[in-house]
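Structure file structure15.txt with compact mmCIF, C-alpha atoms:
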# COMPACT_ATOMS: atom_id res chain seq x y z
CA MET A 13 4.26 -13.20 -18.86
CA ASP A 14 1.38 -14.59 -20.90
CA ARG A 15 -2.40 -14.52 -20.82
CA ILE A 16 -2.58 -17.21 -18.14
CA ASP A 17 -0.12 -15.34 -15.89
CA ARG A 18 -2.24 -12.23 -16.28
CA ALA A 19 -5.42 -14.11 -15.36
CA ILE A 20 -3.69 -15.48 -12.26
CA LEU A 21 -2.43 -12.03 -11.24
CA ASN A 22 -5.87 -10.48 -11.66
CA SER A 23 -7.50 -13.18 -9.56
CA ILE A 24 -5.14 -13.19 -6.57
CA GLN A 25 -4.96 -9.47 -5.83
CA GLY A 26 -8.46 -9.24 -4.45
CA GLU A 27 -9.77 -12.19 -2.51
CA PHE A 28 -7.28 -14.96 -2.03
CA PRO A 29 -9.11 -18.21 -1.14
CA LEU A 30 -8.78 -18.89 2.58
CA ALA A 31 -8.95 -22.63 2.14
CA SER A 32 -6.83 -25.67 2.79
CA ARG A 33 -5.70 -25.88 -0.85
CA PRO A 34 -6.09 -22.31 -2.12
CA PHE A 35 -4.11 -22.85 -5.32
CA ALA A 36 -6.38 -25.73 -6.32
CA GLU A 37 -9.38 -23.42 -5.80
CA LEU A 38 -7.76 -20.66 -7.83
CA GLY A 39 -6.95 -23.18 -10.55
CA ALA A 40 -10.51 -24.47 -10.62
CA LYS A 41 -11.76 -20.93 -11.32
CA LEU A 42 -9.21 -20.43 -14.08
CA GLY A 43 -9.31 -23.91 -15.59
CA LEU A 44 -5.75 -24.77 -14.48
CA ASP A 45 -4.46 -27.54 -12.29
CA GLU A 46 -2.95 -26.85 -8.90
CA ASP A 47 0.64 -27.62 -9.95
CA GLU A 48 0.48 -25.19 -12.85
CA VAL A 49 -0.82 -22.42 -10.56
CA THR A 50 1.93 -22.90 -7.96
CA SER A 51 4.72 -23.23 -10.52
CA ARG A 52 3.60 -20.11 -12.38
CA LEU A 53 3.26 -18.20 -9.10
CA GLN A 54 6.77 -19.27 -8.11
CA ILE A 55 8.14 -17.88 -11.38
CA LEU A 56 6.19 -14.61 -10.96
CA LYS A 57 7.58 -14.37 -7.43
CA ASP A 58 11.15 -15.11 -8.57
CA GLU A 59 10.82 -12.40 -11.23
CA GLY A 60 9.70 -9.95 -8.57
CA ILE A 61 6.30 -9.38 -10.18
CA ILE A 62 4.54 -10.76 -7.10
CA ARG A 63 6.02 -9.35 -3.91
CA ARG A 64 4.10 -11.59 -1.53
CA ILE A 65 0.73 -13.21 -0.85
CA ALA A 66 -0.06 -11.90 2.60
CA PRO A 67 -2.53 -10.13 4.85
CA ILE A 68 -2.60 -6.34 4.63
CA ILE A 69 -2.71 -5.23 8.23
CA ASN A 70 -4.67 -2.26 9.57
CA VAL A 71 -2.48 -1.10 12.47
CA LYS A 72 -5.17 1.27 13.74
CA LYS A 73 -7.24 -1.79 14.71
CA LEU A 74 -4.27 -2.96 16.77
CA GLY A 75 -4.02 0.30 18.68
CA GLY A 76 -1.38 1.63 16.34
CA ALA A 77 -1.03 4.89 14.47
CA SER A 78 0.05 5.79 10.96
CA THR A 79 0.74 8.89 8.94
CA LEU A 80 2.18 10.33 5.75
CA VAL A 81 5.24 12.52 6.09
CA ALA A 82 6.64 15.00 3.58
CA MET A 83 10.18 16.32 3.80
CA SER A 84 12.04 19.01 1.97
CA VAL A 85 15.53 17.67 1.30
CA PRO A 86 18.36 19.15 -0.80
CA LEU A 87 18.86 16.96 -3.89
CA ASP A 88 22.43 16.01 -3.00
CA LYS A 89 21.20 14.65 0.33
CA VAL A 90 18.23 12.55 -0.75
CA ASP A 91 20.04 9.20 -0.70
CA GLU A 92 21.44 9.80 2.74
CA VAL A 93 18.06 10.93 4.10
CA ALA A 94 16.23 8.03 2.41
CA ASP A 95 18.62 5.57 4.12
CA ILE A 96 17.94 7.15 7.52
CA ILE A 97 14.17 6.87 6.95
CA ASN A 98 14.28 3.34 5.50
CA ALA A 99 16.21 2.05 8.51
CA TYR A 100 12.93 2.17 10.49
CA PRO A 101 10.97 -1.07 9.99
CA GLU A 102 7.82 0.99 10.72
CA VAL A 103 8.31 2.85 7.41
CA SER A 104 6.33 1.01 4.73
CA HIS A 105 6.65 3.26 1.68
CA ASN A 106 9.16 5.92 0.71
CA TYR A 107 9.25 7.85 -2.56
CA LEU A 108 11.17 10.68 -4.17
CA ARG A 109 8.70 13.10 -5.76
CA GLN A 110 8.96 16.34 -7.72
CA ASP A 111 8.09 19.16 -5.37
CA LYS A 112 9.65 21.49 -2.84
CA TYR A 113 8.64 18.64 -0.50
CA ASN A 114 10.42 15.85 -2.32
CA ILE A 115 10.59 12.89 0.05
CA TRP A 116 7.27 11.28 0.97
CA PHE A 117 7.03 8.32 3.30
CA THR A 118 4.39 6.45 5.28
CA VAL A 119 4.88 5.20 8.82
CA SER A 120 2.75 2.66 10.70
CA ALA A 121 3.76 2.28 14.33
CA PRO A 122 2.34 0.17 17.17
CA SER A 123 1.45 3.31 19.15
CA LYS A 124 1.03 7.05 18.70
CA SER A 125 3.98 7.69 21.02
CA ARG A 126 6.28 5.48 18.92
CA LEU A 127 5.08 7.27 15.78
CA ASP A 128 5.87 10.67 17.31
CA GLN A 129 9.27 9.40 18.44
CA ILE A 130 10.17 8.26 14.89
CA LEU A 131 9.17 11.61 13.40
CA GLU A 132 11.17 13.48 16.00
CA GLU A 133 14.24 11.29 15.43
CA VAL A 134 14.03 11.63 11.64
CA GLY A 135 13.81 15.41 12.02
CA GLU A 136 16.83 15.47 14.33
CA LYS A 137 18.99 13.06 12.32
CA THR A 138 18.35 14.76 8.98
CA GLY A 139 17.91 18.37 10.00
CA CYS A 140 15.28 18.69 7.27
CA PRO A 141 11.77 20.11 7.74
CA CYS A 142 9.03 17.45 8.13
CA LEU A 143 5.31 17.81 7.48
CA ASN A 144 3.11 15.36 9.38
CA LEU A 145 -0.05 14.73 7.33
CA PRO A 146 -2.23 12.13 9.09
CA THR A 147 -5.41 10.82 7.48
CA VAL A 148 -8.62 12.56 8.51
CA LYS A 149 -10.85 10.34 6.41
CA THR A 150 -10.31 7.38 4.07
CA PHE A 151 -12.41 7.37 0.91
CA LYS A 152 -10.70 4.56 -0.98
CA LEU A 153 -8.07 1.99 -0.29
CA GLY A 154 -7.87 -0.82 -2.76
CA VAL A 155 -4.64 -1.42 -4.53
CA LYS A 156 -5.53 -3.68 -7.36
CA PHE A 157 -4.01 -3.48 -10.81
CA GLU A 158 -5.68 -4.97 -13.83
CA VAL A 159 -2.83 -6.69 -15.62
CA MET B 27 -7.34 -10.32 18.84
CA ASP B 28 -5.16 -12.38 21.16
CA GLU B 29 -1.54 -13.46 21.30
CA THR B 30 -2.13 -16.30 18.80
CA ASP B 31 -3.70 -13.86 16.33
CA ARG B 32 -0.66 -11.66 16.66
CA LYS B 33 1.66 -14.62 16.05
CA LEU B 34 -0.42 -15.59 13.04
CA LEU B 35 -0.10 -12.10 11.54
CA LYS B 36 3.64 -12.13 12.13
CA ALA B 37 3.96 -15.57 10.54
CA THR B 38 2.08 -14.54 7.39
CA GLN B 39 2.84 -10.84 6.86
CA ASP B 40 5.90 -11.51 4.69
CA GLY B 41 3.98 -13.96 2.54
CA ILE B 42 2.58 -17.45 2.79
CA PRO B 43 4.64 -20.24 1.19
CA LEU B 44 3.78 -21.23 -2.39
CA VAL B 45 3.05 -24.85 -1.54
CA LYS B 46 -0.11 -26.91 -1.91
CA LYS B 47 -1.18 -26.43 1.69
CA PRO B 48 0.30 -23.08 2.72
CA PHE B 49 -1.95 -22.63 5.75
CA ALA B 50 -1.05 -26.09 7.05
CA GLU B 51 2.61 -25.06 6.91
CA VAL B 52 1.84 -21.84 8.81
CA ALA B 53 -0.17 -23.88 11.32
CA ASN B 54 2.77 -26.21 11.84
CA SER B 55 5.13 -23.37 12.60
CA LEU B 56 2.66 -22.03 15.21
CA GLY B 57 1.75 -25.38 16.73
CA ILE B 58 -1.98 -25.01 15.97
CA SER B 59 -4.27 -26.73 13.48
CA GLU B 60 -4.80 -25.67 9.88
CA ASP B 61 -8.50 -25.17 10.67
CA GLU B 62 -7.59 -22.76 13.43
CA VAL B 63 -5.32 -20.77 11.10
CA LEU B 64 -8.11 -20.44 8.55
CA ARG B 65 -10.75 -19.63 11.16
CA ARG B 66 -8.59 -16.98 12.83
CA THR B 67 -7.58 -15.42 9.51
CA ARG B 68 -11.24 -15.10 8.48
CA GLY B 69 -12.02 -13.61 11.88
CA LEU B 70 -9.27 -10.99 11.52
CA LEU B 71 -10.64 -10.11 8.08
CA ASP B 72 -14.17 -9.72 9.48
CA GLU B 73 -12.88 -7.50 12.28
CA GLY B 74 -10.97 -5.35 9.80
CA VAL B 75 -7.59 -6.09 11.39
CA ILE B 76 -6.72 -7.57 8.00
CA ARG B 77 -7.83 -5.12 5.32
CA ARG B 78 -7.32 -7.59 2.51
CA PHE B 79 -5.67 -10.96 2.09
CA GLY B 80 -4.09 -11.20 -1.32
CA ALA B 81 -1.11 -10.72 -3.54
CA SER B 82 0.93 -7.57 -3.63
CA VAL B 83 2.02 -6.92 -7.19
CA ALA B 84 5.05 -4.84 -8.15
CA HIS B 85 3.22 -2.53 -10.53
CA ARG B 86 6.43 -1.13 -11.99
CA LYS B 87 7.29 -4.61 -13.23
CA ILE B 88 4.04 -4.99 -15.14
CA GLY B 89 4.38 -1.77 -17.10
CA ILE B 90 2.51 0.48 -14.70
CA THR B 91 5.51 2.72 -14.18
CA ALA B 92 3.89 6.08 -13.60
CA ASN B 93 2.70 6.81 -10.09
CA ALA B 94 1.14 10.17 -9.40
CA MET B 95 0.15 11.55 -6.04
CA CYS B 96 -2.54 14.09 -6.96
CA VAL B 97 -3.54 16.65 -4.37
CA TRP B 98 -6.29 19.24 -4.26
CA ASN B 99 -7.05 22.10 -1.88
CA VAL B 100 -10.65 21.28 -1.01
CA PRO B 101 -12.77 23.58 1.19
CA ASP B 102 -13.56 21.77 4.44
CA GLU B 103 -17.30 21.74 3.81
CA ARG B 104 -16.82 19.93 0.49
CA VAL B 105 -14.39 17.24 1.71
CA ASP B 106 -16.94 14.37 1.96
CA GLU B 107 -18.60 15.04 -1.37
CA VAL B 108 -15.31 15.54 -3.24
CA GLY B 109 -13.65 12.51 -1.60
CA ASN B 110 -16.52 10.27 -2.65
CA THR B 111 -16.42 11.61 -6.20
CA ILE B 112 -12.68 10.99 -6.51
CA ALA B 113 -12.99 7.49 -5.02
CA GLY B 114 -15.40 6.64 -7.84
CA PHE B 115 -12.65 6.91 -10.46
CA ASP B 116 -11.34 3.45 -11.41
CA ASP B 117 -7.79 4.70 -11.91
CA VAL B 118 -7.61 5.96 -8.33
CA THR B 119 -6.27 3.29 -5.95
CA HIS B 120 -6.19 5.34 -2.74
CA CYS B 121 -8.04 8.47 -1.72
CA TYR B 122 -7.70 10.21 1.63
CA ALA B 123 -8.48 13.54 3.25
CA ARG B 124 -5.47 14.58 5.31
CA LEU B 125 -4.72 17.23 7.85
CA ARG B 126 -3.72 20.64 6.50
CA THR B 127 -0.66 22.38 7.92
CA LYS B 128 0.47 25.96 7.53
CA ASP B 129 3.06 24.78 4.98
CA TRP B 130 0.77 22.36 3.13
CA LYS B 131 -2.73 23.45 2.18
CA HIS B 132 -3.66 20.58 -0.19
CA ASN B 133 -5.84 18.33 1.98
CA MET B 134 -7.22 15.78 -0.53
CA PHE B 135 -4.87 13.04 -1.76
CA ALA B 136 -5.45 10.54 -4.56
CA MET B 137 -2.98 7.99 -5.90
CA VAL B 138 -3.22 7.44 -9.63
CA HIS B 139 -1.25 4.71 -11.38
CA GLY B 140 -0.77 4.49 -15.11
CA ARG B 141 1.45 3.27 -17.91
CA THR B 142 2.65 6.79 -18.67
CA LYS B 143 2.76 10.16 -16.93
CA GLN B 144 0.42 11.46 -19.58
CA GLU B 145 -2.14 8.79 -18.70
CA CYS B 146 -2.00 9.92 -15.05
CA GLU B 147 -2.30 13.58 -16.02
CA GLU B 148 -5.39 12.83 -18.07
CA VAL B 149 -7.02 11.13 -15.07
CA ALA B 150 -6.09 14.07 -12.82
CA ASP B 151 -7.61 16.45 -15.38
CA ARG B 152 -10.84 14.47 -15.52
CA ILE B 153 -11.05 14.50 -11.71
CA THR B 154 -10.31 18.22 -11.57
CA LYS B 155 -13.11 18.86 -14.04
CA ALA B 156 -15.54 16.61 -12.15
CA ILE B 157 -14.93 18.31 -8.80
CA GLY B 158 -14.41 21.83 -10.16
CA ILE B 159 -11.43 22.52 -7.91
CA HIS B 160 -8.43 23.81 -9.82
CA ASP B 161 -6.01 24.40 -6.97
CA ARG B 162 -4.17 21.13 -7.43
CA LYS B 163 -0.74 19.57 -7.86
CA ILE B 164 0.50 16.33 -9.38
CA LEU B 165 3.57 14.85 -7.71
CA PHE B 166 5.07 12.05 -9.77
CA SER B 167 7.39 9.62 -8.09
CA ASP B 168 10.92 9.69 -9.46
CA ARG B 169 12.23 6.86 -7.33
CA GLU B 170 10.89 4.19 -5.02
CA PHE B 171 13.15 4.03 -1.96
CA LYS B 172 11.04 1.51 -0.07
CA LYS B 173 7.85 -0.50 -0.38
CA THR B 174 7.43 -3.24 2.17
CA GLY B 175 3.82 -3.05 3.21
CA VAL B 176 2.73 -2.46 6.77
CA ARG B 177 4.38 -4.87 9.23
CA ILE B 178 4.03 -5.57 12.92
CA GLU B 179 6.91 -6.48 15.20
Step by step, read the file and then write its structure as structure tokens.
Amino acid sequence: MDRIDRAILNSIQGEFPLASRPFAELGAKLGLDEDEVTSRLQILKDEGIIRRIAPIINVKKLGGASTLVAMSVPLDKVDEVADIINAYPEVSHNYLRQDKYNIWFTVSAPSKSRLDQILEEVGEKTGCPCLNLPTVKTFKLGVKFEV
Amino acid sequence: MDETDRKLLKATQDGIPLVKKPFAEVANSLGISEDEVLRRTRGLLDEGVIRRFGASVAHRKIGITANAMCVWNVPDERVDEVGNTIAGFDDVTHCYARLRTKDWKHNMFAMVHGRTKQECEEVADRITKAIGIHDRKILFSDREFKKTGVRIE
């Protein structure tokens, strides 16, 4: 990864050009031609540095519901429990953290009832205590990393 | 938000193709025009259905390996003020007030990313000092089991 890759990464995390030839527009801003932008992006994608260029969806605007869940899981069971949680496509993030509550995952479901159903099932399948910690207010949401 | 919008979100949520005219390719797969794809995408952004259209970067792969979930126990009457203060820190990517439960009293959550754990701890310390609330915890992530982004079916 060189200086040009870094410039590309910094420019596409925020506002991706919604235009017919977005990579030409990006290139114009960075002084690169379209082919160089797409070929570098392909390499960054192949290396796993870029996961995807995509819309980030707000399920609440679609009538959906989301929450953060914390679970307290014995260390020898974390892999098994993580697999049970990850099997739900509605689970978007899942991390092992250092606390009495050591598994933390986020769920975004198309409805509140589906969300409740998932939490109930996870509780039943794992037998581990679950804390449901829905958002009361959002103060910041802007994942952008200066590279 | 109609059925075509929903199809458009489903067609793009896993990533647009890295070709010269990515939206034309999406349009083709949906049987609508490229102009319509662009117009609808902008509309969804304006409505807030799309929070952001852009690249998702694997921060662990670019050296940002430490990820700290910092939590504070903030008195209810100070939640707005404290949340806004925390959101003002550049190193904070997400900040939310969440529901308290009887087993979890820390109601303010901030995600801090850094190159090292120490870097994250320093940010958490600066925040703690700025808000003057010392009942806090830092939960580093040891492993990432899943990170797919929010999807619709």
Rounded to one decimal, what separation in Å do you get between atom CA of Leu74 of chain A and atom CA of Ile130 of chain A?
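Between atom CA of Leu74 of chain A and atom CA of Ile130 of chain A the gap is 18.4 Å.
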Using only C-alpha atoms, find the residues of chain A whose closest atom to chain B is at most 6 Å away, then write them as a ChimeraX atom specification.
/A:24-28,32-33,61-70,73,104-110,145-155
Option closest in space to Glu92 of chain A, from A:Thr50, A:Ser23, A:Gln129, A:Thr138 [counting all atoms listed in the file]:
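Smallest distance to Glu92 of chain A is found for A:Thr138.
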Proximity to Cys96 of chain B - best of A:Leu143, A:Thr118, A:Leu131, A:Asp111, all atoms listed in the file:
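Comparing A:Leu143, A:Thr118, A:Leu131, A:Asp111 against Cys96 of chain B, the winner is A:Asp111.
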By how many Å are atom CA of Val71 of chain A and atom CA of Ser120 of chain A apart?
6.7 Å
In Å, with one decimal, what is the gap from atom CA of Ala31 of chain A to atom CA of Asp58 of chain A?
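That distance, rounded to one decimal, is 24.0 Å.
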So which residues are close to (15.3, 18.2, -3.0), meaning at most 10 Å away in the file's coordinates with all atoms listed in the file counted, and can you show them as a list in words?
Met83, Ser84, Val85, Pro86, Leu87, Asp88, Lys89, Val90, Leu108, Arg109, Gln110, Asp111, Lys112, Tyr113, Asn114 and Ile115 of chain A
Taking a cut-off of 12 Å and counting all atoms listed in the file, can you build a table that, for each residue of segment 50-70 of chain A near segment 39-43 of chain A, reports the nearest atom pair and how far apart they are in Å (one decimal), sorted by chain then residue number, as a Markdown table?
| residue | atom | partner | partner_atom | distance |
| --- | --- | --- | --- | --- |
| A:Thr50 | CA | A:Gly39 | CA | 9.3 |
| A:Ser51 | CA | A:Gly39 | CA | 11.7 |
| A:Arg52 | CA | A:Gly39 | CA | 11.1 |
| A:Leu53 | CA | A:Gly39 | CA | 11.5 |
